[in-house]
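What follows is a single structure, written as structure tokens, with notes after it.
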Amino acid sequence: MLQVNRLLVIAAASATTVGALAATPAAASPTTARTLAPPPGNDEDRSGADHLTVTVRHAGAADGTRELYCHPGGGTHPDVTGACEAVGRNTRWGKDPFAPVPPDSMCTMIYGGPATAHVTGTWAGRPVDTTFDRSNGCEISRWNRMVPLLPDLGAGH
């Protein structure tokens with residue numbers, strides 16, 4: 001009986017230790033985060049990264065073409081972290097985060113201005129080639145879901 005009790009105590013102590021280790025977040029240690037992060041590299045070395053090219057037109061000061069790399073972040077986009085997070089929060093299993101508004105949608109006839117954005121590249125291993133505009137309420141909502149990947153034009157545009 002003493003042997004069985006000893007084994008139960010050892011098993012309980014082991015389970016407690018494993019549980020405590022599993023509950024400790026990996027990012028709790030700054031040195032762990034540094035050793036697990038990939039080394040910085042040049043944009044041409046990012047073959048496995050998510051890469052998007054965003055071309056904005058008719059949006060005033062926001063016009064232009066910007067490159068965005070995510071996982072790891074980089075490029076010429078003015079808000080790399082925010083842009084990567086915007087696409088990431090719209091990415092769902094089985095859903096295309098860049099899908100156009102379905103043709104049978106009932107949309108308010110609100111005009112959001114002449115701004116357009118063309119997004120090409122690769123996201124989650126899949127090709128991206130889509131256009132955004134602000135021609136009605138559905139398109140404005142689709143655009144706004146991708147801010148700051150796309151510029152925040154607010155109600156004034």
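Simple scheme: letters A, B, ... for chains in structure tokens order, numbers from 1 for residues in each chain, numbers from 1 for ligands in the order shown.
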Problem - Shell around segment 101-117 of chain A at 9 Å using only C-alpha atoms, local window under 3 positions removed, as a PyMOL selection string - result: chain A and resi 54-60+63+130-140+142-143+150+153-157
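By chain and then residue number, the residues within 8 Å of Glu67 of chain A are His51, Leu52, Thr53, Val54, Gly75, Thr76 and His77 of chain A, counting only C-alpha atoms and disregarding those fewer than 4 positions away in sequence.
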Could the residues in this selection be saved with N, CA, C and O atoms as an mmCIF file, in the first residue's frame?
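File produced: selection-v3.cif:
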```cif
data_model
loop_
_atom_site.group_PDB
_atom_site.id
_atom_site.type_symbol
_atom_site.label_atom_id
_atom_site.label_comp_id
_atom_site.auth_asym_id
_atom_site.auth_seq_id
_atom_site.Cartn_x
_atom_site.Cartn_y
_atom_site.Cartn_z
ATOM 1 N N HIS A 51 2.325 38.536 -48.421
ATOM 2 C CA HIS A 51 2.772 39.764 -49.097
ATOM 3 C C HIS A 51 1.611 40.341 -49.881
ATOM 4 O O HIS A 51 0.978 39.641 -50.674
ATOM 5 N N LEU A 52 1.326 41.617 -49.649
ATOM 6 C CA LEU A 52 0.266 42.309 -50.380
ATOM 7 C C LEU A 52 0.801 43.612 -50.939
ATOM 8 O O LEU A 52 1.590 44.299 -50.287
ATOM 9 N N THR A 53 0.359 43.945 -52.136
ATOM 10 C CA THR A 53 0.632 45.238 -52.740
ATOM 11 C C THR A 53 -0.700 45.975 -52.790
ATOM 12 O O THR A 53 -1.683 45.460 -53.329
ATOM 13 N N VAL A 54 -0.733 47.161 -52.199
ATOM 14 C CA VAL A 54 -1.969 47.944 -52.101
ATOM 15 C C VAL A 54 -1.776 49.226 -52.910
ATOM 16 O O VAL A 54 -0.882 50.020 -52.614
ATOM 17 N N GLY A 75 7.879 46.091 -45.099
ATOM 18 C CA GLY A 75 7.379 46.733 -46.308
ATOM 19 C C GLY A 75 7.302 48.238 -46.169
ATOM 20 O O GLY A 75 7.810 48.821 -45.218
ATOM 21 N N THR A 76 6.634 48.865 -47.130
ATOM 22 C CA THR A 76 6.545 50.319 -47.172
ATOM 23 C C THR A 76 5.206 50.847 -46.669
ATOM 24 O O THR A 76 4.974 52.051 -46.723
ATOM 25 N N HIS A 77 4.332 49.984 -46.217
ATOM 26 C CA HIS A 77 3.036 50.417 -45.690
ATOM 27 C C HIS A 77 3.275 51.258 -44.439
ATOM 28 O O HIS A 77 4.128 50.917 -43.612
#
```
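Between atom CA of Arg66 of chain A and atom CA of Pro78 of chain A lies a distance of 8.2 Å.
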Could you give me, as a Markdown table, every segment 108-139 of chain A residue with an atom at most 12 Å from segment 84-93 of chain A, plus its closest atom pair and distance in Å to one decimal, counting only C-alpha atoms, rows ordered by chain then number?
```
| residue | atom | partner | partner_atom | distance |
| --- | --- | --- | --- | --- |
| A:Val119 | CA | A:Val87 | CA | 11.6 |
| A:Thr122 | CA | A:Val87 | CA | 11.8 |
| A:Trp123 | CA | A:Val87 | CA | 8.8 |
| A:Ala124 | CA | A:Thr91 | CA | 8.8 |
| A:Arg126 | CA | A:Thr91 | CA | 11.9 |
| A:Val128 | CA | A:Val87 | CA | 11.9 |
```
Save out the residues we just selected, all heavy atoms, as a CSV table (one decimal), in the first residue's frame.
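In the end it all went to selection.csv:
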```
chain,number,residue,atom,x,y,z
A,119,VAL,N,-5.7,45.4,-54.4
A,119,VAL,CA,-4.9,44.7,-53.6
A,119,VAL,C,-4.5,43.4,-54.3
A,119,VAL,O,-5.4,42.6,-54.7
A,119,VAL,CB,-5.6,44.4,-52.2
A,119,VAL,CG1,-4.7,43.5,-51.3
A,119,VAL,CG2,-6.0,45.6,-51.5
A,122,THR,N,-0.3,37.6,-52.0
A,122,THR,CA,-0.5,36.3,-51.4
A,122,THR,C,-0.9,36.5,-49.9
A,122,THR,O,-0.2,37.2,-49.2
A,122,THR,CB,0.7,35.4,-51.5
A,122,THR,OG1,1.1,35.3,-52.9
A,122,THR,CG2,0.4,34.0,-51.0
A,123,TRP,N,-2.0,35.8,-49.5
A,123,TRP,CA,-2.3,35.8,-48.1
A,123,TRP,C,-2.7,34.4,-47.7
A,123,TRP,O,-3.5,33.8,-48.4
A,123,TRP,CB,-3.5,36.8,-47.8
A,123,TRP,CG,-3.9,36.8,-46.4
A,123,TRP,CD1,-4.9,36.1,-45.7
A,123,TRP,CD2,-3.2,37.6,-45.4
A,123,TRP,NE1,-4.8,36.4,-44.4
A,123,TRP,CE2,-3.8,37.3,-44.1
A,123,TRP,CE3,-2.1,38.4,-45.4
A,123,TRP,CZ2,-3.4,37.8,-42.9
A,123,TRP,CZ3,-1.7,39.0,-44.2
A,123,TRP,CH2,-2.3,38.7,-43.0
A,124,ALA,N,-2.1,33.9,-46.6
A,124,ALA,CA,-2.4,32.6,-46.1
A,124,ALA,C,-2.2,31.5,-47.3
A,124,ALA,O,-2.9,30.6,-47.4
A,124,ALA,CB,-3.8,32.5,-45.6
A,126,ARG,N,-2.6,31.8,-50.4
A,126,ARG,CA,-3.6,31.9,-51.5
A,126,ARG,C,-3.4,33.3,-52.3
A,126,ARG,O,-3.1,34.3,-51.7
A,126,ARG,CB,-5.0,31.8,-51.0
A,126,ARG,CG,-5.3,30.5,-50.4
A,126,ARG,CD,-6.7,30.4,-49.9
A,126,ARG,NE,-6.8,29.1,-49.3
A,126,ARG,CZ,-7.8,28.2,-49.6
A,126,ARG,NH1,-8.7,28.6,-50.4
A,126,ARG,NH2,-7.8,27.1,-49.1
A,128,VAL,N,-4.2,36.7,-54.1
A,128,VAL,CA,-5.1,37.8,-53.8
A,128,VAL,C,-5.1,38.8,-55.0
A,128,VAL,O,-4.0,39.1,-55.5
A,128,VAL,CB,-4.8,38.6,-52.6
A,128,VAL,CG1,-5.7,39.8,-52.4
A,128,VAL,CG2,-4.8,37.7,-51.3
```
Exercise for the section: Pull the strand (DSSP E) assignments for segment 24-153 of chain A out of DSSP run on the backbone, and list those residues as number ranges by chain. Expected result: A: 50-57, 64-70, 74-75, 116-123, 126-133
Next, write the just-selected residues to a file, as a short mmCIF file (atom, residue, chain, number, x, y, z; two decimals), in the first residue's frame, keeping N, CA and C atoms as the atom set.
```cif
data_model
loop_
_atom_site.label_atom_id
_atom_site.label_comp_id
_atom_site.auth_asym_id
_atom_site.auth_seq_id
_atom_site.Cartn_x
_atom_site.Cartn_y
_atom_site.Cartn_z
N ASP A 50 3.33 36.39 -45.92
CA ASP A 50 2.17 36.96 -46.59
C ASP A 50 2.61 38.31 -47.15
N HIS A 51 2.33 38.54 -48.42
CA HIS A 51 2.77 39.76 -49.10
C HIS A 51 1.61 40.34 -49.88
N LEU A 52 1.33 41.62 -49.65
CA LEU A 52 0.27 42.31 -50.38
C LEU A 52 0.80 43.61 -50.94
N THR A 53 0.36 43.94 -52.14
CA THR A 53 0.63 45.24 -52.74
C THR A 53 -0.70 45.98 -52.79
N VAL A 54 -0.73 47.16 -52.20
CA VAL A 54 -1.97 47.94 -52.10
C VAL A 54 -1.78 49.23 -52.91
N THR A 55 -2.62 49.42 -53.92
CA THR A 55 -2.58 50.64 -54.73
C THR A 55 -3.89 51.40 -54.52
N VAL A 56 -3.78 52.60 -53.96
CA VAL A 56 -4.94 53.43 -53.65
C VAL A 56 -4.97 54.61 -54.62
N ARG A 57 -6.15 54.89 -55.16
CA ARG A 57 -6.34 56.01 -56.09
C ARG A 57 -7.55 56.84 -55.66
N GLY A 64 -1.36 56.13 -53.66
CA GLY A 64 -0.03 55.56 -53.84
C GLY A 64 -0.04 54.05 -53.74
N THR A 65 1.13 53.48 -53.94
CA THR A 65 1.30 52.03 -53.87
C THR A 65 2.21 51.71 -52.71
N ARG A 66 1.77 50.75 -51.90
CA ARG A 66 2.53 50.34 -50.72
C ARG A 66 2.65 48.83 -50.69
N GLU A 67 3.80 48.37 -50.22
CA GLU A 67 4.05 46.94 -50.05
C GLU A 67 3.85 46.58 -48.58
N LEU A 68 3.25 45.42 -48.33
CA LEU A 68 3.03 44.96 -46.97
C LEU A 68 3.45 43.50 -46.87
N TYR A 69 4.28 43.22 -45.88
CA TYR A 69 4.65 41.85 -45.54
C TYR A 69 4.16 41.58 -44.13
N CYS A 70 3.59 40.40 -43.92
CA CYS A 70 3.16 39.98 -42.59
C CYS A 70 3.77 38.60 -42.32
N GLY A 74 6.79 43.84 -42.46
CA GLY A 74 7.74 44.72 -43.14
C GLY A 74 7.09 45.37 -44.34
N GLY A 75 7.88 46.09 -45.10
CA GLY A 75 7.38 46.73 -46.31
C GLY A 75 7.30 48.24 -46.17
N THR A 116 -10.58 54.22 -54.71
CA THR A 116 -10.50 52.80 -55.04
C THR A 116 -9.18 52.26 -54.51
N ALA A 117 -9.14 50.96 -54.30
CA ALA A 117 -7.91 50.30 -53.88
C ALA A 117 -7.82 48.95 -54.59
N HIS A 118 -6.67 48.66 -55.12
CA HIS A 118 -6.42 47.37 -55.77
C HIS A 118 -5.40 46.64 -54.91
N VAL A 119 -5.75 45.45 -54.44
CA VAL A 119 -4.88 44.66 -53.57
C VAL A 119 -4.53 43.37 -54.29
N THR A 120 -3.23 43.13 -54.42
CA THR A 120 -2.74 41.90 -55.05
C THR A 120 -1.69 41.28 -54.15
N GLY A 121 -1.40 40.03 -54.40
CA GLY A 121 -0.34 39.35 -53.65
C GLY A 121 -0.75 37.98 -53.19
N THR A 122 -0.28 37.62 -51.98
CA THR A 122 -0.55 36.31 -51.40
C THR A 122 -0.90 36.49 -49.93
N TRP A 123 -1.97 35.85 -49.50
CA TRP A 123 -2.35 35.84 -48.09
C TRP A 123 -2.74 34.42 -47.72
N ARG A 126 -2.65 31.85 -50.41
CA ARG A 126 -3.58 31.94 -51.53
C ARG A 126 -3.39 33.26 -52.27
N PRO A 127 -3.57 33.24 -53.59
CA PRO A 127 -3.42 34.47 -54.35
C PRO A 127 -4.53 35.47 -54.04
N VAL A 128 -4.17 36.73 -54.06
CA VAL A 128 -5.13 37.83 -53.84
C VAL A 128 -5.07 38.76 -55.04
N ASP A 129 -6.22 39.09 -55.59
CA ASP A 129 -6.33 40.09 -56.66
C ASP A 129 -7.76 40.64 -56.57
N THR A 130 -7.92 41.72 -55.84
CA THR A 130 -9.25 42.25 -55.59
C THR A 130 -9.25 43.77 -55.62
N THR A 131 -10.41 44.34 -55.84
CA THR A 131 -10.57 45.79 -55.87
C THR A 131 -11.60 46.20 -54.82
N PHE A 132 -11.31 47.30 -54.16
CA PHE A 132 -12.23 47.90 -53.18
C PHE A 132 -12.66 49.25 -53.72
N ASP A 133 -13.91 49.63 -53.42
CA ASP A 133 -14.37 50.99 -53.72
C ASP A 133 -15.34 51.39 -52.63
#
```
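If you look at atom CA of Pro151 of chain A and atom CA of Phe98 of chain A, they are 15.7 Å away from each other.
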Problem - Coordinates-based distance that separates atom CA of Asp79 of chain A from atom CA of Val147 of chain A (Å, one decimal) - result: 10.0 Å
